[in-house]
>>> print(open('protein.txt').read())   # compact mmCIF, C-alpha atoms
# COMPACT_ATOMS: atom_id res chain seq x y z
CA MET A 1 0.00 0.00 0.00
CA ALA A 2 2.97 2.31 0.23
CA GLU A 3 5.35 3.61 -2.38
CA GLU A 4 8.78 4.38 -1.01
CA LEU A 5 10.18 7.63 -2.31
CA GLY A 6 13.59 7.61 -0.71
CA SER A 7 15.63 6.71 2.31
CA SER A 8 18.82 7.75 3.98
CA ALA A 9 21.59 5.89 5.68
CA SER A 10 23.40 8.96 6.88
CA ALA A 11 21.53 12.00 5.66
CA PRO A 12 17.94 12.86 4.76
CA THR A 13 16.86 12.41 1.18
CA THR A 14 13.73 12.02 -0.90
CA THR A 15 12.69 11.77 -4.51
CA SER A 16 9.38 12.55 -6.15
CA SER A 17 6.79 9.96 -7.24
CA SER A 18 5.13 9.98 -10.64
CA SER A 19 2.29 7.59 -9.81
CA TRP A 20 0.10 10.12 -8.09
CA ALA A 21 1.11 13.38 -9.73
CA LYS A 22 -0.77 14.71 -12.70
CA THR A 23 0.94 15.55 -15.94
CA ARG A 24 3.22 18.46 -15.22
CA SER A 25 3.45 21.61 -17.22
CA LEU A 26 6.25 21.84 -19.75
CA TRP A 27 6.46 25.56 -19.16
CA PRO A 28 9.46 26.59 -17.05
CA SER A 29 8.36 27.88 -13.65
CA ILE A 30 9.62 31.38 -14.38
CA LEU A 31 6.93 31.69 -17.08
CA ARG A 32 4.07 30.49 -14.89
CA TRP A 33 1.76 32.89 -13.06
CA ILE A 34 1.92 30.62 -10.01
CA PRO A 35 5.50 29.31 -9.96
CA THR A 36 4.90 26.00 -8.19
CA SER A 37 4.11 22.35 -8.84
CA VAL A 38 4.09 18.97 -7.08
CA ASP A 39 7.78 18.62 -7.88
CA HIS A 40 8.44 22.02 -6.29
CA ILE A 41 6.73 20.92 -3.06
CA ILE A 42 8.74 17.70 -2.84
CA ALA A 43 12.00 19.50 -3.64
CA ALA A 44 11.29 22.25 -1.07
CA GLU A 45 10.51 19.60 1.55
CA LYS A 46 13.79 17.84 0.77
CA ARG A 47 15.75 21.09 1.18
CA LEU A 48 14.04 21.93 4.48
CA LEU A 49 14.56 18.45 5.90
CA SER A 50 18.23 18.61 4.95
CA LEU A 51 18.52 20.49 8.26
CA VAL A 52 17.52 17.28 10.07
CA LYS A 53 20.37 14.93 10.99
CA THR A 54 18.29 11.83 11.74
CA PRO A 55 17.98 9.44 8.79
CA TYR A 56 14.45 9.15 7.46
CA VAL A 57 12.30 7.65 4.72
CA VAL A 58 9.60 9.49 2.78
CA GLU A 59 6.82 7.51 1.14
CA GLN A 60 3.51 8.13 -0.58
CA VAL A 61 1.06 5.88 1.28
CA ASN A 62 -1.83 4.72 -0.91
CA ILE A 63 -5.19 5.19 0.85
CA GLY A 64 -7.30 4.16 -2.14
CA SER A 65 -10.00 6.27 -3.75
CA GLY A 66 -12.36 6.45 -0.78
CA PRO A 67 -13.60 4.69 2.36
CA PRO A 68 -14.25 0.95 1.76
CA GLY A 69 -17.89 0.27 0.95
CA SER A 70 -18.62 3.92 0.32
CA LYS A 71 -20.25 5.08 -2.90
CA ILE A 72 -18.41 8.35 -2.66
CA ARG A 73 -14.74 9.07 -3.20
CA TRP A 74 -12.31 11.44 -1.41
CA PHE A 75 -14.75 13.09 -0.96
CA ARG A 76 -17.79 13.28 -3.26
CA SER A 77 -15.31 13.04 -6.12
CA THR A 78 -16.17 11.22 -9.34
CA SER A 79 -12.56 10.16 -9.72
CA ASP A 80 -11.59 6.57 -8.96
CA GLU A 81 -7.87 7.30 -8.91
CA PRO A 82 -6.05 6.36 -5.69
CA ARG A 83 -4.97 9.04 -3.24
CA PHE A 84 -1.72 9.23 -1.33
CA ILE A 85 -0.61 10.59 2.04
CA ASN A 86 2.90 12.07 2.11
CA THR A 87 4.63 10.40 5.07
CA ALA A 88 8.04 10.85 6.68
CA THR A 89 9.30 8.18 9.10
CA PHE A 90 12.43 8.86 11.14
CA GLN A 91 14.98 6.31 12.28
CA SER A 92 14.58 5.42 15.95
CA LYS A 93 15.75 3.06 18.64
CA GLU A 94 14.21 -0.37 18.70
CA ASP A 95 11.01 -0.63 20.76
CA SER A 96 10.54 3.15 20.86
CA PRO A 97 6.89 4.22 21.22
CA THR A 98 5.34 5.43 17.97
CA LEU A 99 4.50 9.13 17.72
CA VAL A 100 2.34 10.31 14.81
CA MET A 101 2.46 14.07 14.18
CA VAL A 102 -0.35 15.96 12.41
CA HIS A 103 0.16 19.56 11.24
CA GLY A 104 -2.27 22.46 11.43
CA TYR A 105 -4.13 24.63 8.92
CA ALA A 106 -1.99 26.21 6.18
CA ALA A 107 0.93 24.05 7.32
CA SER A 108 2.53 20.70 6.48
CA GLN A 109 4.70 18.13 8.23
CA GLY A 110 7.90 20.07 7.48
CA PHE A 111 6.89 22.67 10.10
CA PHE A 112 8.22 20.22 12.69
CA PHE A 113 11.75 20.35 11.23
CA ARG A 114 13.19 21.72 14.48
CA ASN A 115 11.77 18.81 16.46
CA PHE A 116 12.48 15.64 14.51
CA ASP A 117 16.02 15.06 15.80
CA ALA A 118 15.18 15.44 19.50
CA LEU A 119 11.93 13.48 19.31
CA ALA A 120 13.50 10.66 17.30
CA ASN A 121 15.78 9.98 20.29
CA ARG A 122 12.76 8.86 22.30
CA PHE A 123 10.08 7.95 19.73
CA LYS A 124 9.53 6.34 16.36
CA VAL A 125 8.42 9.59 14.73
CA ILE A 126 6.01 9.53 11.79
CA ALA A 127 4.88 12.87 10.36
CA ILE A 128 2.21 13.21 7.68
CA ASP A 129 0.70 15.76 5.36
CA GLN A 130 -3.07 15.53 5.74
CA LEU A 131 -5.12 14.75 2.64
CA GLY A 132 -5.27 17.91 0.53
CA TRP A 133 -2.15 19.48 2.05
CA GLY A 134 1.59 19.59 1.47
CA GLY A 135 2.90 16.77 -0.67
CA SER A 136 -0.20 14.59 -0.26
CA SER A 137 -2.85 14.16 -2.95
CA ARG A 138 -5.11 17.15 -3.48
CA PRO A 139 -8.54 15.88 -4.59
CA ASP A 140 -11.24 18.34 -5.55
CA PHE A 141 -12.84 19.48 -2.29
CA THR A 142 -16.61 19.25 -2.67
CA CYS A 143 -17.75 18.62 0.91
CA LYS A 144 -20.95 20.50 1.72
CA SER A 145 -21.25 20.17 5.49
CA THR A 146 -19.27 20.06 8.71
CA GLU A 147 -19.91 16.33 9.05
CA GLU A 148 -18.61 15.56 5.56
CA THR A 149 -15.60 17.79 6.09
CA GLU A 150 -14.66 16.09 9.33
CA ALA A 151 -15.04 12.71 7.61
CA TRP A 152 -12.66 13.85 4.84
CA PHE A 153 -9.83 14.14 7.37
CA ILE A 154 -10.78 11.46 9.91
CA ASP A 155 -11.54 8.70 7.41
CA SER A 156 -8.51 9.41 5.22
CA PHE A 157 -6.31 9.29 8.34
CA GLU A 158 -7.85 5.97 9.34
CA GLU A 159 -7.19 4.52 5.87
CA TRP A 160 -3.60 5.76 6.21
CA ARG A 161 -3.30 3.98 9.60
CA LYS A 162 -4.55 0.74 8.06
CA ALA A 163 -2.13 1.05 5.13
CA LYS A 164 0.75 1.60 7.56
CA ASN A 165 -0.46 -1.33 9.70
CA LEU A 166 -0.26 0.70 12.91
CA GLY A 167 -1.92 -0.70 15.99
CA SER A 168 -1.84 1.98 18.66
CA PHE A 169 0.30 5.09 18.91
CA ILE A 170 0.72 8.47 20.55
CA LEU A 171 -1.11 11.01 18.42
CA LEU A 172 -0.03 14.66 18.31
CA GLY A 173 -2.00 17.36 16.55
CA HIS A 174 -1.22 21.07 16.27
CA SER A 175 -3.90 23.76 15.92
CA PHE A 176 -6.42 22.52 13.32
CA GLY A 177 -4.47 19.25 13.35
CA GLY A 178 -5.33 19.08 17.05
CA TYR A 179 -9.00 19.34 16.17
CA VAL A 180 -8.65 16.49 13.66
CA ALA A 181 -6.60 14.39 16.09
CA ALA A 182 -9.18 14.84 18.85
CA LYS A 183 -12.07 13.96 16.53
CA TYR A 184 -10.15 10.89 15.35
CA ALA A 185 -9.50 9.81 18.95
CA LEU A 186 -13.21 10.16 19.72
CA LYS A 187 -14.10 7.88 16.80
CA HIS A 188 -11.16 5.44 17.07
CA PRO A 189 -9.97 5.53 20.71
CA GLU A 190 -8.65 1.96 20.47
CA HIS A 191 -5.78 3.18 18.27
CA VAL A 192 -4.65 6.14 20.39
CA GLN A 193 -2.51 5.47 23.46
CA HIS A 194 -2.18 9.13 24.37
CA LEU A 195 -3.44 12.31 22.76
CA ILE A 196 -1.24 15.41 22.67
CA LEU A 197 -2.94 18.61 21.56
CA VAL A 198 -0.60 21.53 20.86
CA GLY A 199 -2.44 24.85 20.79
CA PRO A 200 -5.55 23.03 19.52
CA ALA A 201 -8.30 24.83 17.65
CA GLY A 202 -11.99 24.13 17.94
CA PHE A 203 -12.77 23.83 21.63
CA SER A 204 -15.37 26.56 21.87
CA SER A 205 -18.15 28.04 19.77
CA GLU A 206 -18.94 31.70 19.34
CA SER A 207 -22.03 31.42 21.56
CA GLU A 208 -20.08 29.69 24.34
CA SER A 209 -17.32 32.28 24.17
CA LYS A 210 -19.85 35.11 24.41
CA SER A 211 -17.71 37.18 22.08
CA GLU A 212 -19.27 40.63 22.26
CA TRP A 213 -16.44 42.29 20.38
CA LEU A 214 -16.94 39.95 17.41
CA ALA A 215 -20.68 40.59 17.31
CA LYS A 216 -20.04 44.34 17.31
CA PHE A 217 -17.29 44.07 14.71
CA ARG A 218 -19.53 42.04 12.41
CA GLU A 219 -22.01 44.93 12.46
CA THR A 220 -19.41 47.28 10.96
CA TRP A 221 -18.87 47.41 7.19
CA LYS A 222 -15.38 45.94 7.57
CA GLY A 223 -16.74 43.10 9.67
CA ALA A 224 -19.55 42.48 7.20
CA VAL A 225 -17.09 42.27 4.30
CA LEU A 226 -14.74 39.92 6.16
CA ASN A 227 -17.63 37.74 7.30
CA HIS A 228 -18.87 37.55 3.69
CA LEU A 229 -15.41 36.53 2.47
CA TRP A 230 -15.22 33.88 5.19
CA GLU A 231 -18.61 32.40 4.28
CA SER A 232 -17.55 32.50 0.63
CA ASN A 233 -14.57 30.32 1.59
CA PHE A 234 -12.03 32.95 0.62
CA THR A 235 -8.82 31.50 2.08
CA PRO A 236 -5.43 33.15 2.72
CA GLN A 237 -3.96 30.80 0.12
CA LYS A 238 -6.07 32.45 -2.57
CA VAL A 239 -4.24 35.70 -1.87
CA VAL A 240 -0.89 33.96 -2.32
CA ARG A 241 -2.02 32.44 -5.62
CA GLY A 242 -3.56 35.69 -6.80
CA LEU A 243 -0.26 37.48 -6.41
CA GLY A 244 1.34 35.06 -8.86
CA PRO A 245 5.11 35.62 -9.10
CA TRP A 246 4.93 38.09 -6.20
CA GLY A 247 3.52 35.41 -3.88
CA PRO A 248 6.91 34.08 -2.74
CA ASP A 249 7.93 37.56 -1.56
CA LEU A 250 4.75 37.92 0.52
CA VAL A 251 5.30 34.54 2.17
CA ASN A 252 8.95 35.34 2.81
CA ARG A 253 7.98 38.62 4.48
CA TYR A 254 5.49 36.83 6.72
CA THR A 255 7.85 34.00 7.68
CA THR A 256 10.74 36.38 8.34
CA ALA A 257 8.55 38.57 10.54
CA ARG A 258 6.68 35.80 12.41
CA PHE A 259 9.75 33.73 13.22
CA GLY A 260 12.18 36.63 13.28
CA ALA A 261 11.31 40.17 14.40
CA TYR A 262 8.05 39.07 16.05
CA SER A 263 9.25 35.74 17.38
CA THR A 264 8.44 35.03 21.03
CA GLY A 265 11.43 32.75 21.38
CA GLU A 266 14.36 31.37 19.41
CA VAL A 267 14.69 33.25 16.12
CA LEU A 268 15.19 31.24 12.94
CA THR A 269 18.64 31.31 11.43
CA GLU A 270 18.98 32.87 7.98
CA GLU A 271 19.17 29.43 6.39
CA GLU A 272 16.17 28.10 8.33
CA SER A 273 14.13 31.16 7.40
CA LYS A 274 14.99 30.87 3.71
CA LEU A 275 14.22 27.14 3.51
CA LEU A 276 11.00 27.39 5.53
CA SER A 277 9.73 30.35 3.46
CA ASP A 278 10.36 28.45 0.23
CA TYR A 279 8.59 25.37 1.59
CA VAL A 280 5.62 27.33 2.92
CA TYR A 281 5.13 29.14 -0.38
CA HIS A 282 4.96 25.98 -2.46
CA THR A 283 2.59 24.21 -0.06
CA LEU A 284 0.27 27.24 0.04
CA ALA A 285 0.29 28.06 -3.67
CA ALA A 286 -0.47 24.54 -4.90
CA LYS A 287 -3.97 23.42 -5.89
CA ALA A 288 -6.69 24.32 -3.40
CA SER A 289 -7.99 21.22 -1.63
CA GLY A 290 -7.86 20.64 2.13
CA GLU A 291 -7.73 24.38 2.80
CA LEU A 292 -11.38 24.68 1.70
CA CYS A 293 -12.44 23.00 4.95
CA LEU A 294 -12.21 26.37 6.69
CA LYS A 295 -15.79 27.65 6.56
CA TYR A 296 -17.28 24.24 7.31
CA ILE A 297 -15.23 23.62 10.44
CA PHE A 298 -15.11 27.18 11.81
CA SER A 299 -17.38 30.19 11.77
CA PHE A 300 -15.98 33.69 11.33
CA GLY A 301 -13.55 34.36 14.18
CA ALA A 302 -12.25 30.75 14.13
CA PHE A 303 -14.99 29.43 16.42
CA ALA A 304 -15.82 25.76 15.90
CA ARG A 305 -19.19 24.86 14.42
CA MET A 306 -19.05 21.51 16.27
CA PRO A 307 -16.88 22.43 19.28
CA LEU A 308 -14.80 19.78 21.02
CA ILE A 309 -15.95 21.00 24.42
CA GLN A 310 -19.32 19.39 23.70
CA SER A 311 -17.64 15.98 23.42
CA ALA A 312 -15.29 16.31 26.40
CA SER A 313 -17.36 13.98 28.59
CA GLU A 314 -17.02 11.28 25.90
CA TRP A 315 -13.19 11.40 25.90
CA LYS A 316 -11.65 7.93 26.29
CA VAL A 317 -7.97 8.71 25.77
CA PRO A 318 -5.49 10.25 28.27
CA THR A 319 -4.71 13.74 27.02
CA THR A 320 -2.01 16.37 27.36
CA PHE A 321 -2.48 19.94 26.18
CA ILE A 322 0.62 22.00 25.37
CA TYR A 323 0.44 25.78 24.92
CA GLY A 324 3.03 28.48 24.47
CA PHE A 325 2.75 31.31 26.98
CA GLU A 326 1.97 33.66 24.08
CA ASP A 327 -0.35 31.32 22.18
CA TRP A 328 -3.40 33.13 20.81
CA MET A 329 -5.37 29.92 21.34
CA ASN A 330 -6.90 30.24 24.78
CA TYR A 331 -5.89 27.45 27.19
CA GLN A 332 -8.99 28.18 29.27
CA GLY A 333 -10.98 26.09 26.79
CA ALA A 334 -8.78 23.14 27.71
CA GLN A 335 -9.34 23.84 31.41
CA GLU A 336 -13.10 23.76 30.90
CA ALA A 337 -12.83 20.55 28.88
CA ARG A 338 -10.71 18.94 31.61
CA GLN A 339 -13.52 19.49 34.10
CA ARG A 340 -15.83 17.40 31.92
CA MET A 341 -13.31 14.68 31.04
CA LYS A 342 -13.27 11.30 32.76
CA VAL A 343 -9.70 10.49 31.71
CA PRO A 344 -6.31 11.79 32.93
CA CYS A 345 -5.62 15.24 31.55
CA GLU A 346 -2.71 17.67 31.93
CA ILE A 347 -2.29 21.19 30.59
CA ILE A 348 1.32 22.34 30.19
CA ARG A 349 2.42 25.86 29.29
CA VAL A 350 5.82 26.52 27.70
CA PRO A 351 7.61 29.88 28.10
CA GLN A 352 8.95 31.89 25.16
CA GLY A 353 6.50 30.28 22.80
CA GLY A 354 3.53 31.36 20.75
CA HIS A 355 1.12 29.35 18.62
CA PHE A 356 4.08 27.63 16.93
CA VAL A 357 5.68 26.79 20.27
CA PHE A 358 7.61 23.89 18.73
CA ILE A 359 9.42 26.38 16.48
CA ASP A 360 9.64 29.26 18.97
CA ASN A 361 11.03 27.22 21.85
CA PRO A 362 11.92 23.72 20.66
CA THR A 363 13.84 22.86 23.84
CA GLY A 364 10.89 23.75 26.06
CA PHE A 365 8.50 21.95 23.76
CA HIS A 366 10.62 18.79 23.80
CA SER A 367 10.73 18.90 27.61
CA ALA A 368 6.94 19.11 27.66
CA MET A 369 6.69 16.19 25.24
CA PHE A 370 9.05 13.97 27.21
CA TYR A 371 7.17 14.75 30.41
CA ALA A 372 3.77 14.09 28.82
CA CYS A 373 4.94 10.72 27.47
CA ARG A 374 7.21 9.76 30.36
CA ARG A 375 5.38 6.50 31.08
CA TYR A 376 5.58 5.39 27.45
CA ILE A 377 9.27 6.23 27.21
CA SER A 378 10.06 4.48 30.50
CA PRO A 379 7.70 2.23 32.52
CA LYS A 380 9.21 3.61 35.72
CA PRO A 381 10.30 7.21 35.08
CA GLU A 382 12.95 8.41 37.51
CA ASN A 383 11.58 11.92 37.79
CA GLU A 384 7.86 12.72 37.90
CA SER A 385 8.30 16.44 38.48
CA LEU A 386 7.55 18.98 35.75
CA PRO A 387 10.76 20.24 34.08
CA GLU A 388 12.02 23.65 35.14
CA GLY A 389 10.44 26.56 33.29
CA LEU A 390 7.25 24.73 32.38
CA THR A 391 4.04 25.34 34.30
CA PHE A 392 0.71 23.56 34.76
CA ALA A 393 -2.50 25.40 33.97
>>> encode(input="protein.txt", output="structure tokens")
Amino acid sequence: MAEELGSSASAPTTTSSSSWAKTRSLWPSILRWIPTSVDHIIAAEKRLLSLVKTPYVVEQVNIGSGPPGSKIRWFRSTSDEPRFINTATFQSKEDSPTLVMVHGYAASQGFFFRNFDALANRFKVIAIDQLGWGGSSRPDFTCKSTEETEAWFIDSFEEWRKAKNLGSFILLGHSFGGYVAAKYALKHPEHVQHLILVGPAGFSSESESKSEWLAKFRETWKGAVLNHLWESNFTPQKVVRGLGPWGPDLVNRYTTARFGAYSTGEVLTEEESKLLSDYVYHTLAAKASGELCLKYIFSFGAFARMPLIQSASEWKVPTTFIYGFEDWMNYQGAQEARQRMKVPCEIIRVPQGGHFVFIDNPTGFHSAMFYACRRYISPKPENESLPEGLTFA
């Protein structure tokens, strides 16, 4: 079920696959309005992961054309062609617990490039691009409801798990990936040993948050316009594509600012910034697919239409929340959820970190991860105390 793209004995490497990519344009990229392609994504990923020292293998895992027994394809597509999930597996010590990492909205697995080396010392790390993102297949997105949209991500992930023949594992999700991971754990708790939600989205709805400022803003002409764009599924990626050959410069400006001048922690090096900007551009500018989930999962203001807080009492998997001190995702939603949960739950806050805490403060993030998974790493951990600098919420 899997097609191996490349492997490394001493250094990361990958090659592109032709089985899932469509016929590529013969025009050189400099002549294209949107200078990207599947090959560009794979090449940009390879360059970014060249910063990682741990050997790894990249493969395109075949998840078929849709859920078994279903009359619809991924998802509501008339195409019978198989779909693939771009997957990176890092070399690890024998008997290490398996950690599956799921990225957030407008991101891909390469965003964890600062974490792979440290985590691979304790885990068998597997990072994926969700269906419709990064180097994975990008089927036409024709979901028409929140339920269908959730199924797009949950069911494709489950087919990926089957193809990889994974039994149970530690599941990490960041931001929107946290929402997907939590929904998956609710539907398939037997496969999730421990759930780690890093700055997760989707815990509260607008009505539960009693957001007066948003209601007032929506009444203004600016708010009305933005709300209309949101409900029209106008995504940030459309801006990047619309700028054509000027798109890379916009992305570079954002990346340099977010992880440089406005970083809450460890600033990216010049090389890291250049490689990440290039990678982000190509993953954003490629064909619209998974990104179109936005309006079905969230209402304007990024409030969940089917908030996780409503399912907290049904939680069956031990859970750890990790937030940066400066994360714009409110950890109070996790605190409220914990009160309703009937399973062990910890909320850890990491200093010098924002929403991308694993990039801002990788050392602190790794400490939080090792603490959260201490009983999987070692049956009898020597130290049960929270590492210095981290705090419980």
>>> residues_near_point(input="protein.txt", point="(0.6, 36.4, -12.5)", cutoff="10 Å", atoms="only C-alpha atoms", output="number ranges by chain")
A: 31-35, 241-247
>>> write_last_selection(input="protein.txt", atoms="C-alpha atoms", output="PDB file, in the frame of the given file")
ATOM      1  CA  LEU A  31       6.930  31.690 -17.080  1.00  0.00           C
ATOM      2  CA  ARG A  32       4.070  30.490 -14.890  1.00  0.00           C
ATOM      3  CA  TRP A  33       1.760  32.890 -13.060  1.00  0.00           C
ATOM      4  CA  ILE A  34       1.920  30.620 -10.010  1.00  0.00           C
ATOM      5  CA  PRO A  35       5.500  29.310  -9.960  1.00  0.00           C
ATOM      6  CA  ARG A 241      -2.020  32.440  -5.620  1.00  0.00           C
ATOM      7  CA  GLY A 242      -3.560  35.690  -6.800  1.00  0.00           C
ATOM      8  CA  LEU A 243      -0.260  37.480  -6.410  1.00  0.00           C
ATOM      9  CA  GLY A 244       1.340  35.060  -8.860  1.00  0.00           C
ATOM     10  CA  PRO A 245       5.110  35.620  -9.100  1.00  0.00           C
ATOM     11  CA  TRP A 246       4.930  38.090  -6.200  1.00  0.00           C
ATOM     12  CA  GLY A 247       3.520  35.410  -3.880  1.00  0.00           C
TER      13      GLY A 247
END
>>> closest_residue(input="protein.txt", among="A:Gln352, A:Thr54, A:Gln109, A:Thr78", to="Gly389 (chain A)", atoms="only C-alpha atoms")
A:Gln352
>>> residues_around(input="protein.txt", residues="Asp140 (chain A)", least_positions_apart="3", cutoff="8 Å", atoms="only C-alpha atoms", output="tab-separated table (two decimals) with C-alpha atoms, in the coordinates of the input")
chain	number	residue	atom	x	y	z
A	75	PHE	CA	-14.75	13.09	-0.96
A	77	SER	CA	-15.31	13.04	-6.12
A	288	ALA	CA	-6.69	24.32	-3.40
A	289	SER	CA	-7.99	21.22	-1.63
>>> closest_residue(input="protein.txt", among="A:Ser145, A:Thr363, A:Gln335, A:Ser70", to="Phe321 (chain A)", atoms="all atoms listed in the file")
A:Gln335
>>> residues_around(input="protein.txt", residues="Lys183 (chain A)", least_positions_apart="6", cutoff="10 Å", atoms="all atoms listed in the file", output="PDB file with C-alpha atoms, in the coordinates of the input")
ATOM      1  CA  GLU A 150     -14.660  16.090   9.330  1.00  0.00           C
ATOM      2  CA  ALA A 151     -15.040  12.710   7.610  1.00  0.00           C
ATOM      3  CA  PHE A 153      -9.830  14.140   7.370  1.00  0.00           C
ATOM      4  CA  ILE A 154     -10.780  11.460   9.910  1.00  0.00           C
ATOM      5  CA  GLY A 177      -4.470  19.250  13.350  1.00  0.00           C
ATOM      6  CA  PRO A 189      -9.970   5.530  20.710  1.00  0.00           C
ATOM      7  CA  LEU A 308     -14.800  19.780  21.020  1.00  0.00           C
ATOM      8  CA  SER A 311     -17.640  15.980  23.420  1.00  0.00           C
ATOM      9  CA  TRP A 315     -13.190  11.400  25.900  1.00  0.00           C
TER      10      TRP A 315
END
>>> axis_aligned_box(input="protein.txt", around="region 347-354 of chain A", padding_each_side="6 Å", output="AutoDock Vina command-line options")
--center_x 3.3 --center_y 26.5 --center_z 25.7 --size_x 23.2 --size_y 22.7 --size_z 21.8
>>> atom_distance(input="protein.txt", atom1="CA of Val350 (chain A)", atom2="CA of Ser263 (chain A)")
14.3 Å
>>> closest_residue(input="protein.txt", among="A:Ala372, A:Ala43, A:Val180, A:Ile359", to="Gly260 (chain A)", atoms="all atoms listed in the file")
A:Ile359
>>> residues_near_point(input="protein.txt", point="(3.4, 17.5, 8.0)", cutoff="10 Å", atoms="only C-alpha atoms", output="list in words")
Glu45, Ile85, Asn86, Thr87, Ala88, Val100, Met101, Val102, His103, Gly104, Ala107, Ser108, Gln109, Gly110, Phe111, Phe112, Phe113, Ile126, Ala127, Ile128, Asp129, Gln130, Trp133, Gly134, Gly135, Ser136 and Gly177 of chain A
>>> write_last_selection(input="protein.txt", atoms="C-alpha atoms", output="tab-separated table (two decimals), in the frame of the given file")
chain	number	residue	atom	x	y	z
A	45	GLU	CA	10.51	19.60	1.55
A	85	ILE	CA	-0.61	10.59	2.04
A	86	ASN	CA	2.90	12.07	2.11
A	87	THR	CA	4.63	10.40	5.07
A	88	ALA	CA	8.04	10.85	6.68
A	100	VAL	CA	2.34	10.31	14.81
A	101	MET	CA	2.46	14.07	14.18
A	102	VAL	CA	-0.35	15.96	12.41
A	103	HIS	CA	0.16	19.56	11.24
A	104	GLY	CA	-2.27	22.46	11.43
A	107	ALA	CA	0.93	24.05	7.32
A	108	SER	CA	2.53	20.70	6.48
A	109	GLN	CA	4.70	18.13	8.23
A	110	GLY	CA	7.90	20.07	7.48
A	111	PHE	CA	6.89	22.67	10.10
A	112	PHE	CA	8.22	20.22	12.69
A	113	PHE	CA	11.75	20.35	11.23
A	126	ILE	CA	6.01	9.53	11.79
A	127	ALA	CA	4.88	12.87	10.36
A	128	ILE	CA	2.21	13.21	7.68
A	129	ASP	CA	0.70	15.76	5.36
A	130	GLN	CA	-3.07	15.53	5.74
A	133	TRP	CA	-2.15	19.48	2.05
A	134	GLY	CA	1.59	19.59	1.47
A	135	GLY	CA	2.90	16.77	-0.67
A	136	SER	CA	-0.20	14.59	-0.26
A	177	GLY	CA	-4.47	19.25	13.35
>>> atom_distance(input="protein.txt", atom1="CA of Val125 (chain A)", atom2="CA of Leu268 (chain A)")
22.8 Å
>>> atom_distance(input="protein.txt", atom1="CA of Arg305 (chain A)", atom2="CA of Arg258 (chain A)")
28.2 Å
>>> closest_residue(input="protein.txt", among="A:Arg338, A:Arg47, A:Arg349, A:Arg73", to="Phe141 (chain A)", atoms="all atoms listed in the file")
A:Arg73
>>> closest_residue(input="protein.txt", among="A:Asn165, A:Gln339, A:Thr256, A:Ser175", to="Glu271 (chain A)", atoms="only C-alpha atoms")
A:Thr256
>>> residues_around(input="protein.txt", residues="Glu190 (chain A)", least_positions_apart="6", cutoff="12 Å", atoms="all atoms listed in the file", output="PyMOL selection string")
chain A and resi 158+166-171+184+315-318
>>> decode(input="protein.txt", residues="region 282-294 of chain A", atoms="N, CA and C atoms", output="PDB file, in the first residue's frame")
ATOM      1  N   HIS A 282       5.388  27.021  -1.532  1.00  0.00           N
ATOM      2  CA  HIS A 282       4.961  25.980  -2.463  1.00  0.00           C
ATOM      3  C   HIS A 282       3.791  25.170  -1.926  1.00  0.00           C
ATOM      4  N   THR A 283       3.724  24.946  -0.615  1.00  0.00           N
ATOM      5  CA  THR A 283       2.590  24.206  -0.058  1.00  0.00           C
ATOM      6  C   THR A 283       1.315  25.045  -0.064  1.00  0.00           C
ATOM      7  N   LEU A 284       1.447  26.368   0.040  1.00  0.00           N
ATOM      8  CA  LEU A 284       0.274  27.236   0.037  1.00  0.00           C
ATOM      9  C   LEU A 284      -0.243  27.512  -1.371  1.00  0.00           C
ATOM     10  N   ALA A 285       0.671  27.645  -2.323  1.00  0.00           N
ATOM     11  CA  ALA A 285       0.290  28.064  -3.673  1.00  0.00           C
ATOM     12  C   ALA A 285      -0.220  26.921  -4.539  1.00  0.00           C
ATOM     13  N   ALA A 286      -0.020  25.689  -4.113  1.00  0.00           N
ATOM     14  CA  ALA A 286      -0.470  24.537  -4.898  1.00  0.00           C
ATOM     15  C   ALA A 286      -1.999  24.485  -4.935  1.00  0.00           C
ATOM     16  N   LYS A 287      -2.524  23.543  -5.681  1.00  0.00           N
ATOM     17  CA  LYS A 287      -3.965  23.423  -5.894  1.00  0.00           C
ATOM     18  C   LYS A 287      -4.759  23.461  -4.591  1.00  0.00           C
ATOM     19  N   ALA A 288      -5.826  24.238  -4.573  1.00  0.00           N
ATOM     20  CA  ALA A 288      -6.693  24.319  -3.399  1.00  0.00           C
ATOM     21  C   ALA A 288      -7.395  22.988  -3.189  1.00  0.00           C
ATOM     22  N   SER A 289      -7.339  22.490  -1.957  1.00  0.00           N
ATOM     23  CA  SER A 289      -7.988  21.222  -1.634  1.00  0.00           C
ATOM     24  C   SER A 289      -8.389  21.229  -0.167  1.00  0.00           C
ATOM     25  N   GLY A 290      -7.534  20.702   0.712  1.00  0.00           N
ATOM     26  CA  GLY A 290      -7.864  20.637   2.132  1.00  0.00           C
ATOM     27  C   GLY A 290      -8.144  21.979   2.763  1.00  0.00           C
ATOM     28  N   GLU A 291      -7.544  23.044   2.229  1.00  0.00           N
ATOM     29  CA  GLU A 291      -7.730  24.384   2.800  1.00  0.00           C
ATOM     30  C   GLU A 291      -9.193  24.820   2.788  1.00  0.00           C
ATOM     31  N   LEU A 292      -9.995  24.256   1.852  1.00  0.00           N
ATOM     32  CA  LEU A 292     -11.380  24.676   1.705  1.00  0.00           C
ATOM     33  C   LEU A 292     -12.285  24.130   2.811  1.00  0.00           C
ATOM     34  N   CYS A 293     -11.688  23.462   3.780  1.00  0.00           N
ATOM     35  CA  CYS A 293     -12.438  23.002   4.953  1.00  0.00           C
ATOM     36  C   CYS A 293     -12.834  24.152   5.863  1.00  0.00           C
ATOM     37  N   LEU A 294     -12.166  25.293   5.701  1.00  0.00           N
ATOM     38  CA  LEU A 294     -12.205  26.367   6.692  1.00  0.00           C
ATOM     39  C   LEU A 294     -13.621  26.755   7.126  1.00  0.00           C
TER      40      LEU A 294
END
